[in-house]
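What follows is a short report on a single structure.
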Amino acid sequence: MLQIENKILSLDIIQDKFACDIEKCKGACCIHGDAGAPLEDNEIKLLDEEYEKIKPYLRKEAIEEIEKKGKYYVDEEKDTVTMLVNKEECAYAIFENGIAFCGIEKAYFDGATTFRKPVSCHLYPIRTKTYRSFEGMHYDRWDICKDAITKGEKEDIPVYIFVKDALIRKYGKDFYKELTIAAEDINKKGININL
């Protein structure tokens with residue numbers, strides 16, 4: 001484990017490799033799972049405020065589901081998550097050439113919204129959990145991401161570098177700089193969590 005500020009990180013975030021291979025997985029993380037994408041409080045507010053700007057980017061069946069059941073719901077773990085369509089794919093998923101992408105993010109890149117996408121999606125495969133005195137961060141392994149592991153190993157991209165933009169978005173540049181220094185030190189010392 002590694003501690004930076006009040007964050008406790010598993011070392012596999014530094015040592016394991018990962019790089020999405022969307023051509024192979026087809027955006028499966030937007031389609032499969034037992035709940036929608038976790039939303040932070042500020043994201044719930046943004047989604048409420050900017051839904052009408054995002055709506056033109058969404059599929060007809062997703063709009064129908066959202067307008068019938070809501071933009072989000074509280075799952076079994078008491079997290080507020082994005083609404084699902086057919087109890088499976090994220091309602092904000094859009095499909096282009098058979099690949100699932102985030103409709104919120106497409107709207108963001110078109111300049112239609114200030115909401116990029118849920119930070120939980122942006123950070124993936126890192127998952128976070130807030131405890132009373134610290135925030136835990138771990139590398140979430142999911143069999144649908146096996147091609148991302150292969151690509152990450154081939155291109156030598158550690159998890160924390162793959163999600164650099166998301167880490168900076170959530171925790172700031174100073175946090176990421178400290179993480180990079182710690183990762184370089186751990187790698188230089190040859191600390192191996194897989195022993």
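The chains in the structure tokens are called A, B, ... from first to last as shown; in each chain the residues are counted from 1, and the ligands are counted from 1 in the order shown.
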
Would you give me, as CSV, each residue of region 39-141 of chain A having an atom within 7 Å of an atom of region 163-184 of chain A, along with its shortest atom pair and that distance in Å to one decimal, using only C-alpha atoms and sorting by chain and residue number?
residue,atom,partner,partner_atom,distance
A:Val119,CA,A:Ala166,CA,6.8
A:His122,CA,A:Ala166,CA,5.5
A:Leu123,CA,A:Ala166,CA,5.2

Near Ala91 (chain A), counting only C-alpha atoms, which residues have an atom at most 8 Å away, once you skip same-chain residues fewer than 3 positions from it, shown as number ranges by chain?
A: 58, 62-63, 65-66, 82-85

If we count only C-alpha atoms and set the cut-off at 10 Å, which residues sit around Arg141 (chain A), ignoring sequence neighbours fewer than 5 positions away in its own chain? Please answer as a ChimeraX atom specification.
/A:124-127,146,149

I need the residues of region 27-145 of chain A that end up classed as strand (DSSP E) by DSSP on the backbone, written out as a list in words.
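Filtering region 27-145 of chain A down to strand (DSSP E) leaves Tyr72, Tyr73, Val74, Thr80, Val81, Thr82, Leu84, Val85, Glu89, Cys90, Ala93, Ile94, Phe95, Glu96, Ile99, Ala100, Phe101, Cys102, Ile126, Arg127, Thr128, Lys129, Thr130, Glu135, Gly136, Met137, His138 and Tyr139 of chain A.
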
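Residues surrounding Ile22 (chain A) within 9 Å are Cys25, Lys26, Gly27, Ala28, Ile99, Ala100, Asp147 and Ala148 of chain A [only C-alpha atoms; sequence separation below 3 positions excluded].
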
Expected file contents, prior selection, N, CA and C atoms, as a JSON list (two decimals), in the first residue's frame:
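What landed in out_30.json:
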[["chain", "number", "residue", "atom", "x", "y", "z"],
["A", 25, "CYS", "N", -12.87, -4.71, -27.15],
["A", 25, "CYS", "CA", -13.90, -4.91, -26.12],
["A", 25, "CYS", "C", -15.24, -4.29, -26.50],
["A", 26, "LYS", "N", -15.21, -3.37, -27.46],
["A", 26, "LYS", "CA", -16.44, -2.71, -27.96],
["A", 26, "LYS", "C", -17.15, -1.87, -26.90],
["A", 27, "GLY", "N", -16.38, -1.40, -25.89],
["A", 27, "GLY", "CA", -16.99, -0.58, -24.84],
["A", 27, "GLY", "C", -17.85, -1.38, -23.89],
["A", 28, "ALA", "N", -17.44, -2.62, -23.63],
["A", 28, "ALA", "CA", -18.24, -3.53, -22.81],
["A", 28, "ALA", "C", -18.53, -2.99, -21.42],
["A", 99, "ILE", "N", -19.68, -0.03, -31.34],
["A", 99, "ILE", "CA", -18.88, 0.24, -30.15],
["A", 99, "ILE", "C", -19.64, 1.20, -29.25],
["A", 100, "ALA", "N", -19.68, 0.90, -27.95],
["A", 100, "ALA", "CA", -20.34, 1.77, -26.97],
["A", 100, "ALA", "C", -19.40, 2.89, -26.55],
["A", 147, "ASP", "N", -8.27, -7.67, -22.78],
["A", 147, "ASP", "CA", -7.54, -7.07, -23.91],
["A", 147, "ASP", "C", -6.83, -5.79, -23.49],
["A", 148, "ALA", "N", -7.39, -5.06, -22.52],
["A", 148, "ALA", "CA", -6.74, -3.85, -22.01],
["A", 148, "ALA", "C", -5.47, -4.20, -21.25]]

Could you tell me how far CA of Glu52 (chain A) lies from CA of Asp79 (chain A), in Å and to one decimal?
23.5 Å

Taking only C-alpha atoms into account, name the residue in A:Asn42, A:Lys53, A:Glu153, A:Lys188 that is nearest to Lys106 (chain A).
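Of A:Asn42, A:Lys53, A:Glu153, A:Lys188, the one nearest Lys106 (chain A) is A:Lys53, counting only C-alpha atoms.
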
I need the residues in chain A that are alpha helix (DSSP H) according to DSSP; give them as an NGL selection string.
:A and (12-15 or 22-25 or 41-54 or 60-69 or 103-109 or 119-123 or 146-155 or 159-162 or 164-171 or 173-189)

Calculated over only C-alpha atoms, which of the candidates A:Gly103, A:Ile8, A:Glu77, A:Asp34 has the smallest distance to Arg116 (chain A)?
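Ranked by minimum distance to Arg116 (chain A), first place goes to A:Gly103.
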
Close residues, Phe18 (chain A) itself excluded, 8 Å, only C-alpha atoms, min 4 positions apart in chain, as an mmCIF file with N, CA and C atoms, in the first residue's frame:
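Saved as around22.cif:
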data_model
loop_
_atom_site.group_PDB
_atom_site.id
_atom_site.type_symbol
_atom_site.label_atom_id
_atom_site.label_comp_id
_atom_site.auth_asym_id
_atom_site.auth_seq_id
_atom_site.Cartn_x
_atom_site.Cartn_y
_atom_site.Cartn_z
ATOM 1 N N ALA A 148 -7.386 -5.064 -22.518
ATOM 2 C CA ALA A 148 -6.745 -3.849 -22.008
ATOM 3 C C ALA A 148 -5.465 -4.200 -21.255
ATOM 4 N N ILE A 149 -5.473 -5.329 -20.570
ATOM 5 C CA ILE A 149 -4.269 -5.777 -19.861
ATOM 6 C C ILE A 149 -3.199 -6.160 -20.874
ATOM 7 N N THR A 150 -3.587 -6.909 -21.898
ATOM 8 C CA THR A 150 -2.638 -7.309 -22.952
ATOM 9 C C THR A 150 -2.026 -6.087 -23.622
ATOM 10 N N LYS A 151 -2.874 -5.121 -23.990
ATOM 11 C CA LYS A 151 -2.395 -3.905 -24.654
ATOM 12 C C LYS A 151 -1.504 -3.087 -23.708
ATOM 13 N N GLY A 152 -1.917 -2.978 -22.439
ATOM 14 C CA GLY A 152 -1.122 -2.244 -21.459
ATOM 15 C C GLY A 152 0.245 -2.852 -21.255
ATOM 16 N N GLU A 153 0.298 -4.185 -21.209
ATOM 17 C CA GLU A 153 1.594 -4.865 -21.058
ATOM 18 C C GLU A 153 2.445 -4.678 -22.301
ATOM 19 N N ILE A 157 2.208 0.442 -20.192
ATOM 20 C CA ILE A 157 1.479 1.571 -19.619
ATOM 21 C C ILE A 157 0.902 1.155 -18.266
ATOM 22 N N PRO A 158 1.484 1.653 -17.170
ATOM 23 C CA PRO A 158 0.927 1.354 -15.849
ATOM 24 C C PRO A 158 -0.471 1.958 -15.693
ATOM 25 N N VAL A 159 -1.271 1.364 -14.831
ATOM 26 C CA VAL A 159 -2.646 1.814 -14.599
ATOM 27 C C VAL A 159 -2.679 3.318 -14.297
ATOM 28 N N PHE A 162 -2.264 5.377 -17.369
ATOM 29 C CA PHE A 162 -3.427 5.281 -18.249
ATOM 30 C C PHE A 162 -4.542 6.228 -17.794
#
